[in-house]
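Source file: final24.tsv. Holds: TSV, C-alpha atoms.
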```tsv
chain	number	residue	atom	x	y	z
A	196	MET	CA	18.26	-11.35	22.81
A	197	SER	CA	16.73	-8.23	21.25
A	198	ASN	CA	17.79	-9.40	17.77
A	199	ILE	CA	16.14	-12.76	18.34
A	200	SER	CA	12.87	-11.16	19.44
A	201	GLU	CA	12.87	-8.83	16.42
A	202	SER	CA	13.43	-11.79	14.07
A	203	GLU	CA	10.53	-13.66	15.64
A	204	GLU	CA	8.28	-10.63	15.22
A	205	ILE	CA	9.22	-10.29	11.54
A	206	LEU	CA	8.42	-13.97	10.91
A	207	LYS	CA	4.83	-13.34	12.04
A	208	TYR	CA	4.17	-11.05	9.07
A	209	PHE	CA	3.54	-11.95	5.45
A	210	LEU	CA	6.05	-9.57	3.87
A	211	VAL	CA	6.03	-9.14	0.11
A	212	PRO	CA	9.04	-7.16	-1.18
A	213	ASP	CA	9.00	-4.73	-4.09
A	214	ASN	CA	8.56	-6.01	-7.65
A	215	THR	CA	7.23	-9.40	-6.51
A	216	LYS	CA	4.93	-11.30	-8.87
A	217	ILE	CA	2.51	-13.98	-7.69
A	218	GLU	CA	0.93	-15.15	-10.91
A	219	ALA	CA	-1.00	-18.25	-11.96
A	220	ASN	CA	1.66	-20.88	-11.20
A	221	ILE	CA	4.83	-19.10	-10.09
A	222	ILE	CA	6.16	-16.71	-7.45
A	223	THR	CA	9.04	-14.53	-8.61
A	224	VAL	CA	11.06	-12.60	-6.01
A	225	GLU	CA	13.99	-10.24	-6.53
A	226	GLY	CA	15.60	-11.46	-3.31
A	227	ASP	CA	15.42	-14.27	-0.77
A	228	VAL	CA	12.51	-16.49	0.23
A	229	VAL	CA	11.86	-17.57	3.82
A	230	VAL	CA	9.04	-20.07	4.43
A	231	GLY	CA	7.80	-20.83	7.96
A	232	ASN	CA	7.06	-24.25	9.42
A	233	HIS	CA	4.15	-26.36	8.16
A	234	SER	CA	3.29	-24.05	5.27
A	235	ASN	CA	1.66	-25.27	2.07
A	236	ILE	CA	2.63	-23.57	-1.20
A	237	GLU	CA	1.01	-24.55	-4.50
A	238	TYR	CA	3.36	-22.41	-6.58
A	239	SER	CA	6.80	-22.61	-8.07
A	240	LEU	CA	9.42	-20.44	-6.36
A	241	ILE	CA	12.12	-18.33	-8.01
A	242	GLY	CA	14.49	-16.37	-5.78
A	243	ASP	CA	18.02	-15.87	-4.57
A	244	THR	CA	18.38	-17.89	-1.35
A	245	VAL	CA	15.50	-20.17	-0.38
A	246	ILE	CA	15.08	-21.21	3.27
A	247	MET	CA	12.28	-23.53	4.38
A	248	GLY	CA	11.25	-24.61	7.83
A	249	GLU	CA	10.03	-27.93	9.11
A	250	GLY	CA	7.19	-29.76	7.38
A	251	VAL	CA	6.89	-27.41	4.39
A	252	ALA	CA	5.14	-28.64	1.24
A	253	VAL	CA	5.85	-27.09	-2.17
A	254	SER	CA	4.08	-28.55	-5.19
A	255	GLY	CA	5.90	-26.57	-7.91
A	256	ASP	CA	9.49	-26.16	-9.04
A	257	ILE	CA	12.16	-24.33	-7.04
A	258	ALA	CA	14.92	-22.27	-8.61
A	259	ALA	CA	17.45	-20.70	-6.22
A	260	SER	CA	20.27	-18.69	-7.75
A	261	SER	CA	22.21	-18.98	-4.48
A	262	ASP	CA	21.86	-21.56	-1.68
A	263	ILE	CA	18.88	-23.58	-0.53
A	264	ARG	CA	18.26	-24.84	3.01
A	265	ILE	CA	15.39	-27.22	3.72
A	266	ASP	CA	14.52	-28.43	7.19
A	267	MET	CA	13.38	-31.94	8.12
A	268	TRP	CA	10.14	-33.58	6.98
A	269	SER	CA	9.65	-31.13	4.11
A	270	LYS	CA	8.36	-32.28	0.73
A	271	LEU	CA	9.17	-30.77	-2.65
A	272	GLY	CA	6.96	-31.97	-5.43
A	273	ASN	CA	9.01	-31.18	-8.50
A	274	ARG	CA	12.37	-30.12	-9.94
A	275	VAL	CA	14.88	-28.24	-7.75
A	276	GLU	CA	17.73	-26.17	-9.25
A	277	VAL	CA	20.36	-24.62	-6.98
A	278	GLY	CA	23.03	-22.19	-8.12
A	279	GLY	CA	25.05	-22.55	-4.90
A	280	ASN	CA	25.06	-25.15	-2.12
A	281	ALA	CA	22.12	-27.31	-1.00
A	282	TYR	CA	21.41	-28.34	2.60
A	283	LEU	CA	18.69	-30.97	3.07
A	284	GLY	CA	17.51	-32.01	6.52
A	285	GLU	CA	16.37	-35.43	7.62
A	286	PHE	CA	13.42	-37.14	5.94
A	287	VAL	CA	13.22	-34.57	3.15
A	288	THR	CA	11.52	-35.83	-0.01
A	289	ILE	CA	12.06	-34.46	-3.52
A	290	ASP	CA	9.82	-35.98	-6.18
A	291	GLY	CA	11.70	-34.41	-9.09
A	292	LYS	CA	15.37	-34.03	-9.98
A	293	LEU	CA	17.91	-32.09	-7.89
A	294	LEU	CA	20.58	-30.03	-9.68
A	295	VAL	CA	23.27	-28.44	-7.48
A	296	GLN	CA	26.10	-26.29	-8.79
A	297	GLY	CA	27.94	-26.39	-5.45
A	298	ASP	CA	28.12	-28.80	-2.52
A	299	LEU	CA	25.32	-31.10	-1.41
A	300	ASP	CA	24.87	-31.70	2.31
A	301	VAL	CA	22.09	-34.17	3.22
A	302	GLY	CA	20.85	-35.84	6.37
A	303	LYS	CA	19.61	-39.35	6.79
A	304	GLU	CA	16.51	-40.76	5.10
A	305	VAL	CA	16.54	-38.14	2.35
A	306	LYS	CA	14.70	-39.28	-0.79
A	307	ILE	CA	15.42	-37.79	-4.21
A	308	ARG	CA	13.25	-39.79	-6.59
A	309	GLY	CA	14.27	-38.03	-9.80
A	310	GLY	CA	17.99	-38.37	-9.15
A	311	PHE	CA	20.52	-35.62	-8.46
A	312	GLU	CA	23.60	-33.94	-9.90
A	313	ALA	CA	26.13	-32.09	-7.76
A	314	LYS	CA	29.33	-30.47	-9.04
A	315	GLY	CA	30.80	-30.04	-5.56
A	316	TRP	CA	31.27	-32.25	-2.52
A	317	ILE	CA	28.51	-34.61	-1.41
A	318	VAL	CA	28.28	-35.12	2.34
A	319	VAL	CA	25.86	-37.52	4.02
A	320	ARG	CA	25.81	-37.21	7.78
A	321	ASN	CA	23.69	-38.02	10.78
A	322	PRO	CA	23.34	-35.01	13.11
A	323	ILE	CA	22.25	-37.01	16.16
A	324	PRO	CA	25.66	-38.60	16.91
A	325	VAL	CA	27.26	-35.15	16.53
A	326	ILE	CA	24.95	-33.73	19.19
A	327	ILE	CA	25.64	-36.62	21.53
A	328	PHE	CA	29.38	-36.21	20.95
A	329	LEU	CA	29.19	-32.49	21.76
A	330	PHE	CA	27.22	-33.19	24.92
A	331	LEU	CA	29.76	-35.72	26.16
A	332	TYR	CA	32.68	-33.50	25.14
A	333	ILE	CA	31.32	-30.42	26.95
A	334	LYS	CA	30.46	-32.48	30.04
A	335	GLU	CA	34.00	-33.86	30.26
A	336	MET	CA	35.62	-30.44	29.72
A	337	MET	CA	33.45	-28.88	32.41
A	338	ARG	CA	34.48	-31.65	34.82
A	339	LEU	CA	38.12	-30.75	34.15
A	340	GLY	CA	37.39	-27.02	34.67
A	341	LYS	CA	38.39	-25.89	31.17
A	342	GLY	CA	35.60	-23.38	30.40
A	343	GLU	CA	37.70	-21.23	28.04
A	344	GLU	CA	38.45	-24.20	25.79
A	345	ILE	CA	34.74	-25.07	25.66
A	346	GLU	CA	33.84	-21.56	24.52
A	347	LYS	CA	36.59	-21.57	21.89
A	348	ALA	CA	35.53	-24.96	20.52
A	349	VAL	CA	31.86	-23.96	20.29
A	350	GLU	CA	32.74	-20.72	18.47
A	351	GLU	CA	34.87	-22.60	15.93
A	352	LEU	CA	32.21	-25.25	15.43
A	353	PHE	CA	29.32	-22.86	14.85
A	354	ASP	CA	31.27	-20.18	13.02
A	355	ASP	CA	29.22	-19.19	9.93
A	356	SER	CA	30.96	-16.07	8.78
A	357	GLU	CA	30.40	-16.77	5.06
A	358	ASP	CA	26.63	-16.91	5.51
A	359	ILE	CA	26.66	-13.73	7.58
A	360	GLN	CA	28.58	-11.87	4.87
A	361	SER	CA	26.19	-13.08	2.18
A	362	PHE	CA	23.23	-11.51	4.01
A	363	GLU	CA	24.89	-8.18	4.76
A	364	GLY	CA	23.15	-5.17	3.29
A	365	LYS	CA	19.80	-6.93	2.86
A	366	GLU	CA	16.77	-5.41	4.51
A	367	PRO	CA	14.05	-7.99	5.27
A	368	ALA	CA	11.20	-5.65	4.38
A	369	GLU	CA	12.65	-4.84	0.96
A	370	LYS	CA	14.49	-7.92	-0.35
A	371	VAL	CA	13.02	-10.97	1.40
A	372	LEU	CA	9.69	-12.68	0.87
A	373	ILE	CA	8.64	-13.94	4.31
A	374	ILE	CA	5.83	-16.49	4.52
A	375	PRO	CA	4.82	-17.05	8.17
A	376	ALA	CA	4.28	-20.47	9.69
A	377	GLY	CA	1.08	-22.27	8.84
A	378	SER	CA	0.37	-20.23	5.70
A	379	LYS	CA	-1.50	-21.57	2.69
A	380	LEU	CA	-0.75	-20.15	-0.75
A	381	SER	CA	-2.96	-21.68	-3.41
A	382	HIS	CA	-4.08	-20.48	-6.83
A	383	ASP	CA	-7.29	-19.05	-5.34
A	384	THR	CA	-6.37	-17.89	-1.84
A	385	ILE	CA	-3.40	-16.45	0.04
A	386	GLU	CA	-4.21	-17.25	3.66
A	387	VAL	CA	-1.93	-16.17	6.52
A	388	ASP	CA	-2.45	-15.95	10.27
A	389	GLY	CA	-0.71	-12.60	10.80
A	390	GLU	CA	-0.66	-9.24	9.08
A	391	THR	CA	0.19	-8.71	5.42
A	392	VAL	CA	2.54	-5.99	4.17
A	393	ILE	CA	2.93	-5.62	0.39
A	394	GLY	CA	5.60	-3.51	-1.25
A	395	ASN	CA	5.60	-1.38	-4.40
A	396	ASN	CA	5.14	-2.45	-8.04
A	397	CYS	CA	3.76	-5.89	-7.15
A	398	LEU	CA	1.39	-8.16	-9.05
A	399	LEU	CA	-0.66	-10.60	-6.97
A	400	THR	CA	-3.29	-13.11	-8.04
A	401	GLY	CA	-5.71	-14.62	-5.54
A	402	ASN	CA	-7.86	-13.61	-2.59
A	403	ILE	CA	-5.95	-12.43	0.50
A	404	ARG	CA	-7.08	-13.46	3.98
A	405	ALA	CA	-5.14	-11.89	6.85
A	406	GLN	CA	-5.47	-10.05	10.15
A	407	ALA	CA	-4.64	-6.72	8.49
A	408	VAL	CA	-3.45	-5.65	5.04
A	409	THR	CA	-1.18	-2.73	4.11
A	410	THR	CA	-0.04	-2.10	0.55
A	411	GLY	CA	2.50	0.18	-1.08
A	412	GLU	CA	2.20	1.94	-4.43
A	413	LYS	CA	1.35	0.67	-7.91
A	414	LEU	CA	-0.06	-2.67	-6.79
A	415	THR	CA	-2.24	-4.78	-9.07
A	416	LEU	CA	-4.32	-7.32	-7.13
A	417	LYS	CA	-6.53	-9.73	-9.03
A	418	GLY	CA	-8.65	-10.82	-6.12
A	419	SER	CA	-10.48	-9.70	-3.00
A	420	ILE	CA	-9.19	-8.89	0.50
A	421	TYR	CA	-10.69	-10.33	3.67
A	422	SER	CA	-9.29	-8.79	6.85
A	423	GLU	CA	-10.08	-8.99	10.54
A	424	GLY	CA	-8.54	-5.55	11.05
A	425	LYS	CA	-7.77	-2.52	8.94
A	426	ILE	CA	-7.13	-2.40	5.19
A	427	PHE	CA	-4.82	0.33	3.90
A	428	ILE	CA	-4.55	0.64	0.11
A	429	GLY	CA	-1.71	2.88	-1.05
A	430	GLU	CA	-1.53	5.25	-4.00
A	431	ASN	CA	-2.02	4.32	-7.66
A	432	ASN	CA	-3.24	0.81	-6.87
A	433	THR	CA	-5.78	-1.31	-8.72
A	434	VAL	CA	-7.86	-4.00	-6.99
A	435	TYR	CA	-10.03	-6.28	-9.12
A	436	GLY	CA	-12.21	-7.49	-6.28
A	437	ASN	CA	-14.02	-6.60	-3.07
A	438	LEU	CA	-12.75	-5.37	0.29
A	439	TYR	CA	-14.18	-6.90	3.46
A	440	SER	CA	-12.96	-5.69	6.84
A	441	LYS	CA	-14.20	-5.65	10.42
A	442	GLY	CA	-12.15	-2.51	10.96
A	443	ASP	CA	-11.49	0.59	8.85
A	444	VAL	CA	-10.62	0.86	5.16
A	445	GLN	CA	-8.53	3.60	3.57
A	446	ILE	CA	-8.11	4.00	-0.19
A	447	GLY	CA	-5.10	6.04	-1.32
A	448	ARG	CA	-4.86	8.68	-4.01
A	449	ASN	CA	-5.56	7.67	-7.61
A	450	SER	CA	-6.43	4.11	-6.57
A	451	ARG	CA	-9.39	2.20	-7.92
A	452	VAL	CA	-11.40	-0.73	-6.58
A	453	PHE	CA	-13.41	-2.65	-9.18
A	454	GLY	CA	-15.76	-4.00	-6.54
A	455	GLY	CA	-17.56	-3.15	-3.33
A	456	ILE	CA	-16.43	-2.33	0.20
A	457	LYS	CA	-17.93	-3.59	3.45
A	458	SER	CA	-16.28	-2.32	6.63
A	459	ASN	CA	-16.75	-0.21	9.74
A	460	SER	CA	-15.72	3.04	8.04
A	461	VAL	CA	-14.22	4.10	4.70
A	462	LEU	CA	-11.82	6.94	3.95
A	463	LEU	CA	-11.30	7.90	0.31
A	464	LEU	CA	-8.40	10.13	-0.62
A	465	GLU	CA	-7.95	12.36	-3.66
A	466	ASN	CA	-9.24	10.78	-6.93
A	467	ALA	CA	-9.90	7.39	-5.30
A	468	ARG	CA	-12.69	5.43	-7.03
A	469	VAL	CA	-14.90	2.56	-5.93
A	470	ASP	CA	-17.12	1.03	-8.62
A	471	GLY	CA	-19.22	-1.13	-6.32
A	472	THR	CA	-21.41	-0.56	-3.28
A	473	ILE	CA	-19.97	0.82	-0.05
A	474	LYS	CA	-21.46	-0.36	3.26
A	475	ALA	CA	-19.94	1.41	6.27
A	476	PRO	CA	-22.02	1.87	9.47
A	477	SER	CA	-19.62	4.52	10.79
A	478	GLY	CA	-19.72	6.53	7.57
A	479	VAL	CA	-17.73	7.35	4.45
A	480	SER	CA	-15.26	10.24	4.45
A	481	PHE	CA	-13.54	12.06	1.60
A	482	LEU	CA	-10.17	13.68	2.17
A	483	ARG	CA	-8.74	16.25	-0.20
A	484	ASP	CA	-5.38	17.98	0.05
A	485	ALA	CA	-5.56	21.61	1.15
A	486	ALA	CA	-3.10	22.65	-1.56
A	487	GLU	CA	-5.49	21.45	-4.26
A	488	MET	CA	-8.65	23.15	-2.97
A	489	PRO	CA	-10.26	25.42	-5.61
A	490	VAL	CA	-9.92	29.20	-5.22
A	491	LEU	CA	-13.08	30.84	-3.91
A	492	ALA	CA	-15.05	32.87	-6.45
A	493	GLU	CA	-16.60	36.26	-5.90
A	494	VAL	CA	-19.37	37.99	-7.91
A	495	ASN	CA	-18.78	41.61	-8.85
A	496	ALA	CA	-21.42	44.26	-9.60
A	497	LEU	CA	-21.30	43.54	-13.35
A	498	GLY	CA	-22.42	39.98	-12.92
A	499	LYS	CA	-18.99	38.44	-13.52
A	500	LEU	CA	-17.00	35.96	-11.46
A	501	ILE	CA	-13.60	37.10	-10.27
A	502	MET	CA	-11.27	34.46	-8.81
A	503	SER	CA	-9.87	35.89	-5.60
A	504	GLU	CA	-6.13	35.51	-5.38
A	505	THR	CA	-3.67	36.97	-2.95
A	506	HIS	CA	-0.64	38.69	-4.45
A	507	GLU	CA	2.27	40.01	-2.47
A	508	LEU	CA	3.25	43.57	-3.33
A	509	PRO	CA	6.88	44.44	-3.95
A	510	GLU	CA	8.69	46.43	-1.32
A	511	ASN	CA	8.73	49.64	-3.43
A	512	GLU	CA	4.97	49.56	-4.18
A	513	THR	CA	1.96	50.43	-2.06
A	514	LYS	CA	-1.73	49.65	-2.36
A	515	ASP	CA	-2.57	53.28	-3.39
A	516	GLU	CA	-0.39	53.19	-6.49
A	517	THR	CA	-2.18	52.95	-9.85
A	518	LYS	CA	-0.78	51.42	-12.97
A	519	ILE	CA	-1.09	53.22	-16.33
A	520	GLU	CA	-2.20	50.97	-19.13
A	521	PRO	CA	-0.86	51.56	-22.67
A	522	GLN	CA	-3.22	53.53	-24.91
A	523	GLY	CA	-4.93	51.97	-27.89
A	524	GLU	CA	-5.07	48.51	-26.28
A	525	THR	CA	-7.74	46.82	-24.25
A	526	VAL	CA	-6.29	44.81	-21.42
A	527	LYS	CA	-8.45	42.09	-19.95
A	528	PRO	CA	-7.60	40.65	-16.52
A	529	LEU	CA	-6.25	37.12	-16.66
A	530	ASN	CA	-8.27	36.04	-13.62
A	531	LEU	CA	-11.64	37.18	-15.00
A	532	ILE	CA	-14.24	34.53	-15.85
A	533	GLU	CA	-17.39	35.77	-17.57
A	534	ILE	CA	-20.78	34.27	-16.98
A	535	GLY	CA	-22.64	33.26	-20.10
A	536	LEU	CA	-26.01	34.67	-18.88
A	537	PRO	CA	-26.70	38.37	-19.80
A	538	LEU	CA	-27.42	40.87	-17.06
A	539	ASP	CA	-31.18	41.53	-16.63
A	540	LEU	CA	-31.72	45.31	-16.58
A	541	ASN	CA	-35.34	44.97	-15.43
A	542	ALA	CA	-34.34	43.00	-12.37
A	543	LYS	CA	-34.76	46.10	-10.21
A	544	ALA	CA	-38.43	46.47	-11.13
A	545	ARG	CA	-39.13	42.83	-10.25
A	546	ASN	CA	-37.21	43.04	-6.98
A	547	ILE	CA	-34.57	40.52	-8.03
A	548	PHE	CA	-31.24	40.54	-6.28
A	549	VAL	CA	-28.56	42.46	-8.14
A	550	PRO	CA	-24.95	42.31	-6.89
A	551	GLY	CA	-23.85	45.56	-5.25
A	552	ARG	CA	-27.43	46.71	-4.46
A	553	LYS	CA	-28.87	46.61	-0.95
A	554	ARG	CA	-32.01	44.58	-0.35
A	555	ARG	CA	-35.23	46.55	0.36
A	556	THR	CA	-37.63	45.64	3.13
A	557	ALA	CA	-41.34	45.00	2.68
A	558	ARG	CA	-42.20	48.35	4.35
A	559	THR	CA	-40.00	50.26	1.92
A	560	ARG	CA	-41.55	48.54	-1.07
A	561	ALA	CA	-45.10	49.34	0.22
A	562	LEU	CA	-44.27	53.03	0.67
A	563	GLU	CA	-42.88	53.17	-2.87
A	564	ARG	CA	-46.09	51.69	-4.27
A	565	THR	CA	-48.21	54.19	-2.28
A	566	THR	CA	-46.12	57.10	-3.53
A	567	ARG	CA	-46.46	56.00	-7.13
A	568	PHE	CA	-50.25	55.55	-6.78
A	569	THR	CA	-50.82	58.95	-5.02
A	570	GLY	CA	-48.70	60.71	-7.60
A	571	SER	CA	-50.75	59.34	-10.48
A	572	ARG	CA	-54.06	60.46	-8.85
A	573	THR	CA	-52.75	64.01	-8.32
A	574	TYR	CA	-51.66	64.18	-11.94
A	575	ARG	CA	-55.16	63.20	-13.18
A	576	LYS	CA	-56.88	65.84	-10.96
A	577	GLU	CA	-54.66	68.57	-12.34
A	578	GLN	CA	-55.58	67.59	-15.87
A	579	LYS	CA	-59.35	67.75	-15.14
A	580	SER	CA	-59.11	71.13	-13.46
A	581	GLY	CA	-57.13	72.50	-16.42
A	582	GLU	CA	-59.84	71.51	-18.84
```
Give the structure from the file, written as structure tokens.
Amino acid sequence: MSNISESEEILKYFLVPDNTKIEANIITVEGDVVVGNHSNIEYSLIGDTVIMGEGVAVSGDIAASSDIRIDMWSKLGNRVEVGGNAYLGEFVTIDGKLLVQGDLDVGKEVKIRGGFEAKGWIVVRNPIPVIIFLFLYIKEMMRLGKGEEIEKAVEELFDDSEDIQSFEGKEPAEKVLIIPAGSKLSHDTIEVDGETVIGNNCLLTGNIRAQAVTTGEKLTLKGSIYSEGKIFIGENNTVYGNLYSKGDVQIGRNSRVFGGIKSNSVLLLENARVDGTIKAPSGVSFLRDAAEMPVLAEVNALGKLIMSETHELPENETKDETKIEPQGETVKPLNLIEIGLPLDLNAKARNIFVPGRKRRTARTRALERTTRFTGSRTYRKEQKSGE
């Protein structure tokens, strides 16, 4: 039961695996494609295994290198190519041609208007009599008290070991494109009811509307993002559009947004750029890594900046030891940065601050002026008396 609940939770997210491309007319996935019920996709699909729910509409072509499974009442508007087996439910309609390299298993009232080619077995069956037969069979076996035979028969009937082996080693978040139920993927908008999680090295075209959006690294999005919750943009991403969120927005390192941001709050990491206007009632924050903070500068008495650095002394040296420099050479410290302005020697007379000199109070300056004035008067009196 836990596995079933986890699968249902995953199907509520719009998961885009790594290296996925959603361009003008086509969606290319390096893995499987799972489409929820009653979704509308105006793209062509290229993937490994393609699985569609009930009432799905796809207007473009479909190319599955492995199997394809389509549930009832779905409509495919163009050509379908299958590298493995094809399973079509009841009342499925294909406007184009169907090419199957393996077996073709179809239900009743399936319409293939462009014709079909299948190199394997073709099976046309009606699942309703099978269900009724199973119900009557199980009811009769239970009346006879043969529960073990019922369990054995059901296991043999629903044994799907080949399909289980084909999906081994695949992680849904990395190799499967999951489109939740009720989604609409058009050339202008990607609209989903749940949250959106986008992997690394992806290229997406169109505006994204979701409950929340989280992206990986090196994403190129040609469109805006509209979110009811948070928006998290990873590192080295490029967004050619605006970001609108009722929650918080975070822009990763070295990412750039060619547009504006309107949200509750905005957090910009190292080297993140936003070309447009930012509107955030709760404020805009800038976060910089502590390891990349600049070293504090100190001013010495000669008017030069010395970058303060901490050096660990070797075990056999102490702080009182002095190093003897070679004669005939002038050694300049590597961490010394000179200021271009010359040192003003008359700064003392004009009471300008000089590094290394204590500041004088107003009382001290007044006493110095009085001393200078009294001394000059005494000097003049001595000259007059001498004459």
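Near Leu438 in chain A, within 9 Å and counting all atoms listed in the file, sit Ser419, Ile420, Tyr421, Ser422, Ile426, Val444, Val452, Gly454, Gly455, Ile456, Lys457 and Ser458 of chain A, not including residues fewer than 6 positions from it in the same chain.
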Step by step: start from the point (14.1, -27.2, 4.5) in the file's coordinates, keep every protein, DNA or RNA residue that has an atom no farther than 7 Å from it, count only C-alpha atoms, and write the set as an NGL selection string.
-> :A and (246-249 or 264-267 or 269 or 283-284)
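Separating CA of Leu380 in chain A from CA of Val229 in chain A is a distance of 13.7 Å.
When only C-alpha atoms are used to measure the gap to Val253 in chain A, the shortest distance among A:Leu294, A:Leu299, A:Ile289, A:Val224 belongs to A:Ile289.
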Residue contacts of Leu240 in chain A (7 Å, all atoms listed in the file) excluding same-chain residues fewer than 4 positions away, as JSON, numbers by chain = {"A": [221, 222, 223, 256, 257, 258]}
Export C-alpha atoms of the chosen residues as a tab-separated table (two decimals), keeping the file's coordinate frame?
```tsv
chain	number	residue	atom	x	y	z
A	221	ILE	CA	4.83	-19.10	-10.09
A	222	ILE	CA	6.16	-16.71	-7.45
A	223	THR	CA	9.04	-14.53	-8.61
A	256	ASP	CA	9.49	-26.16	-9.04
A	257	ILE	CA	12.16	-24.33	-7.04
A	258	ALA	CA	14.92	-22.27	-8.61
```
Find the residues near Ser254 in chain A: any atom within 12 Å, counting all atoms listed in the file, skip ones fewer than 4 places away on the same chain, and give them as number ranges by chain.
-> A: 220-221, 234-240, 269-275, 288-291, 379-382
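With only C-alpha atoms as the atoms that count, the residue of A:Ile373, A:Ala557, A:Asn280, A:Lys306 with the shortest distance to Lys292 in chain A is A:Lys306.
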Provide the CA of Asn459 in chain A to CA of Leu416 in chain A distance in Å, to one decimal place.
-> 22.1 Å
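Proximity of A:Asp383, A:Val305, A:Ala475, A:Ala376 to Tyr208 in chain A, computed with only C-alpha atoms, is greatest for A:Ala376.
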Please return the centre and edge lengths, in Å to one decimal, of a box with edges along x, y and z that contains all listed atoms of range 414-425 of chain A, widened by 8 Å on every side, as lines of an AutoDock Vina configuration file.
```
center_x = -5.4
center_y = -6.7
center_z = 1.0
size_x = 26.6
size_y = 24.3
size_z = 36.1
```
Could you work out how far CA of Asn395 in chain A lies from CA of Val461 in chain A, giving the answer in Å with one decimal?
-> 22.5 Å
